[in-house]
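**Q** Sharing a structure below in structure tokens format, with a few things to ask.
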Amino acid sequence: MYKSILFLIPVLILFACGDTVTPDNTDQTAETGSIDPYGDPPGYTGDPFENFPEPVSMTIPGEEVPIEYEEEILSGTHFTVQISAATNEETAIRLMESVSAEISHPVFIDHQGGFWKVRVGAFPAMEDAAAYTQVLVNMGFTDAWVTTREP
């Protein structure tokens, strides 16, 4: 019993001797309501991100996020680069997955005339597709060529 009392005495002394803090502006809560812990400090009017560029994407380490492409690029006829025409779908899918892992452009498979055609990109201008063809040639797709694609 004496041990517990001896323990409580220093604790009580610490609480009794503690400083009391009173805010300078005691009516702040009355003016602004409750303080939002995720908002700006009271009285702050600046933009903390005004000198930073607008973010265009975000990657979370260790998490695979599917790539979402802008609809206006994928709608209507556009230019693309064909890298292969496979005779079976499984081969085309393996190639598409392999190429998708190495580039940032969308990779498509179109089934036409008995072939599964693997195509890369959705370029608005033929010149853009032609310029990207060299990247694919350097990856080993020496027969890559520009074509059009209608989704």
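The way I read the labels, and the way they are meant: chains A, B, ... in the order of the structure tokens, residue 1 as the first residue of every chain, and ligand 1 as the first ligand shown, with later ones counted on from there.
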Using only C-alpha atoms, determine which residues lie at most 12 Å from range 135-148 of chain A, disregarding the query and same-chain residues fewer than 3 positions distant; provide the list as an NGL selection string.
**A** :A and (74 or 76-85 or 95 or 98-100 or 102-105 or 110 or 117-132 or 151)
**Q** Quick one: write out the picked residues with C-alpha atoms as a PDB file, in the first residue's frame?
**A**
```pdb
ATOM      1  CA  LEU A  74      -8.983   6.052 -77.936  1.00  0.00           C
ATOM      2  CA  GLY A  76     -12.423   7.552 -83.404  1.00  0.00           C
ATOM      3  CA  THR A  77      -9.826   6.608 -85.988  1.00  0.00           C
ATOM      4  CA  HIS A  78      -6.218   7.156 -84.996  1.00  0.00           C
ATOM      5  CA  PHE A  79      -2.737   6.028 -86.035  1.00  0.00           C
ATOM      6  CA  THR A  80      -0.998   3.077 -84.444  1.00  0.00           C
ATOM      7  CA  VAL A  81       2.123   0.965 -85.067  1.00  0.00           C
ATOM      8  CA  GLN A  82       1.622  -2.704 -85.860  1.00  0.00           C
ATOM      9  CA  ILE A  83       4.440  -4.878 -84.542  1.00  0.00           C
ATOM     10  CA  SER A  84       3.120  -8.380 -85.244  1.00  0.00           C
ATOM     11  CA  ALA A  85       0.331 -10.453 -86.764  1.00  0.00           C
ATOM     12  CA  LEU A  95       3.448 -10.505 -76.899  1.00  0.00           C
ATOM     13  CA  SER A  98       5.553  -8.453 -72.771  1.00  0.00           C
ATOM     14  CA  VAL A  99       5.522  -5.197 -74.734  1.00  0.00           C
ATOM     15  CA  SER A 100       3.106  -3.505 -72.280  1.00  0.00           C
ATOM     16  CA  GLU A 102       8.318  -2.200 -71.353  1.00  0.00           C
ATOM     17  CA  ILE A 103       6.520   0.833 -72.806  1.00  0.00           C
ATOM     18  CA  SER A 104       4.018   3.432 -71.630  1.00  0.00           C
ATOM     19  CA  HIS A 105       1.811   3.505 -74.738  1.00  0.00           C
ATOM     20  CA  ASP A 110      -7.191  -6.593 -83.186  1.00  0.00           C
ATOM     21  CA  LYS A 117      -2.639  -8.068 -84.882  1.00  0.00           C
ATOM     22  CA  VAL A 118      -0.610  -6.560 -82.054  1.00  0.00           C
ATOM     23  CA  ARG A 119      -0.575  -2.766 -82.307  1.00  0.00           C
ATOM     24  CA  VAL A 120       1.039  -0.088 -80.167  1.00  0.00           C
ATOM     25  CA  GLY A 121      -0.114   3.445 -79.455  1.00  0.00           C
ATOM     26  CA  ALA A 122      -3.019   5.710 -80.254  1.00  0.00           C
ATOM     27  CA  PHE A 123      -1.351   8.598 -82.046  1.00  0.00           C
ATOM     28  CA  PRO A 124      -3.427  11.550 -83.313  1.00  0.00           C
ATOM     29  CA  ALA A 125      -0.982  12.257 -86.183  1.00  0.00           C
ATOM     30  CA  MET A 126       0.821   9.925 -88.574  1.00  0.00           C
ATOM     31  CA  GLU A 127       4.115  11.731 -87.923  1.00  0.00           C
ATOM     32  CA  ASP A 128       3.893  10.870 -84.212  1.00  0.00           C
ATOM     33  CA  ALA A 129       3.320   7.186 -84.995  1.00  0.00           C
ATOM     34  CA  ALA A 130       6.184   7.174 -87.520  1.00  0.00           C
ATOM     35  CA  ALA A 131       8.540   8.718 -84.965  1.00  0.00           C
ATOM     36  CA  TYR A 132       7.605   6.078 -82.376  1.00  0.00           C
ATOM     37  CA  PRO A 151     -11.722   1.139 -81.889  1.00  0.00           C
TER      38      PRO A 151
END
```
**Q** Could you give me the residues within range 86-117 of chain A that DSSP places in strand (DSSP E), as a short mmCIF file (atom, residue, chain, number, x, y, z; two decimals) with N, CA and C atoms, in the first residue's frame?
**A**
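Result file is out04.cif:
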```
data_model
loop_
_atom_site.label_atom_id
_atom_site.label_comp_id
_atom_site.auth_asym_id
_atom_site.auth_seq_id
_atom_site.Cartn_x
_atom_site.Cartn_y
_atom_site.Cartn_z
N ALA A 86 -0.15 -12.37 -85.36
CA ALA A 86 -0.02 -13.75 -84.91
C ALA A 86 -1.16 -14.61 -85.47
N VAL A 107 -1.22 -0.94 -75.73
CA VAL A 107 -0.98 -2.03 -76.68
C VAL A 107 -2.31 -2.72 -76.91
N PHE A 108 -2.68 -2.91 -78.18
CA PHE A 108 -3.97 -3.48 -78.56
C PHE A 108 -3.78 -4.77 -79.33
N ILE A 109 -4.81 -5.61 -79.30
CA ILE A 109 -4.87 -6.78 -80.18
C ILE A 109 -6.16 -6.64 -80.97
N ASP A 110 -6.03 -6.63 -82.30
CA ASP A 110 -7.19 -6.59 -83.19
C ASP A 110 -7.25 -7.91 -83.95
N HIS A 111 -8.42 -8.55 -83.97
CA HIS A 111 -8.59 -9.80 -84.70
C HIS A 111 -9.21 -9.46 -86.06
N GLN A 112 -8.40 -9.62 -87.11
CA GLN A 112 -8.86 -9.30 -88.47
C GLN A 112 -8.34 -10.35 -89.44
N PHE A 115 -6.07 -13.23 -88.32
CA PHE A 115 -4.84 -12.89 -87.60
C PHE A 115 -5.17 -12.04 -86.38
N TRP A 116 -4.36 -12.20 -85.35
CA TRP A 116 -4.43 -11.34 -84.16
C TRP A 116 -3.28 -10.34 -84.31
N LYS A 117 -3.63 -9.10 -84.60
CA LYS A 117 -2.64 -8.07 -84.88
C LYS A 117 -2.34 -7.28 -83.61
#
```
**Q** Kindly give the distance, in Å, that separates CA of Pro55 in chain A and CA of Met96 in chain A, rounded to a single decimal.
**A**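 Computing the Euclidean distance for CA of Pro55 in chain A and CA of Met96 in chain A yields 28.3 Å.
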**Q** Report, in Å to a single decimal, how far apart CA of Asp36 in chain A and CA of Val56 in chain A are.
**A**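 We find that CA of Val56 in chain A and CA of Asp36 in chain A lie 27.7 Å from each other.
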**Q** Could you jot down the CA of Ser57 in chain A to CA of Gly39 in chain A separation for me, Å, one decimal place?
**A**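 Distance between the two atoms: 23.6 Å.
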**Q** Where does DSSP see alpha helix (DSSP H) in range 44-149 of chain A, if you list the residues as a list in words?
**A**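 Taking range 44-149 of chain A and keeping alpha helix (DSSP H) only, one gets Glu71, Glu72, Ile73, Leu74, Glu89, Glu90, Thr91, Ala92, Ile93, Arg94, Leu95, Met96, Glu97, Ser98, Val99, Ser100, Met126, Glu127, Asp128, Ala129, Ala130, Ala131, Tyr132, Thr133, Gln134, Val135, Leu136, Val137 and Asn138 of chain A.
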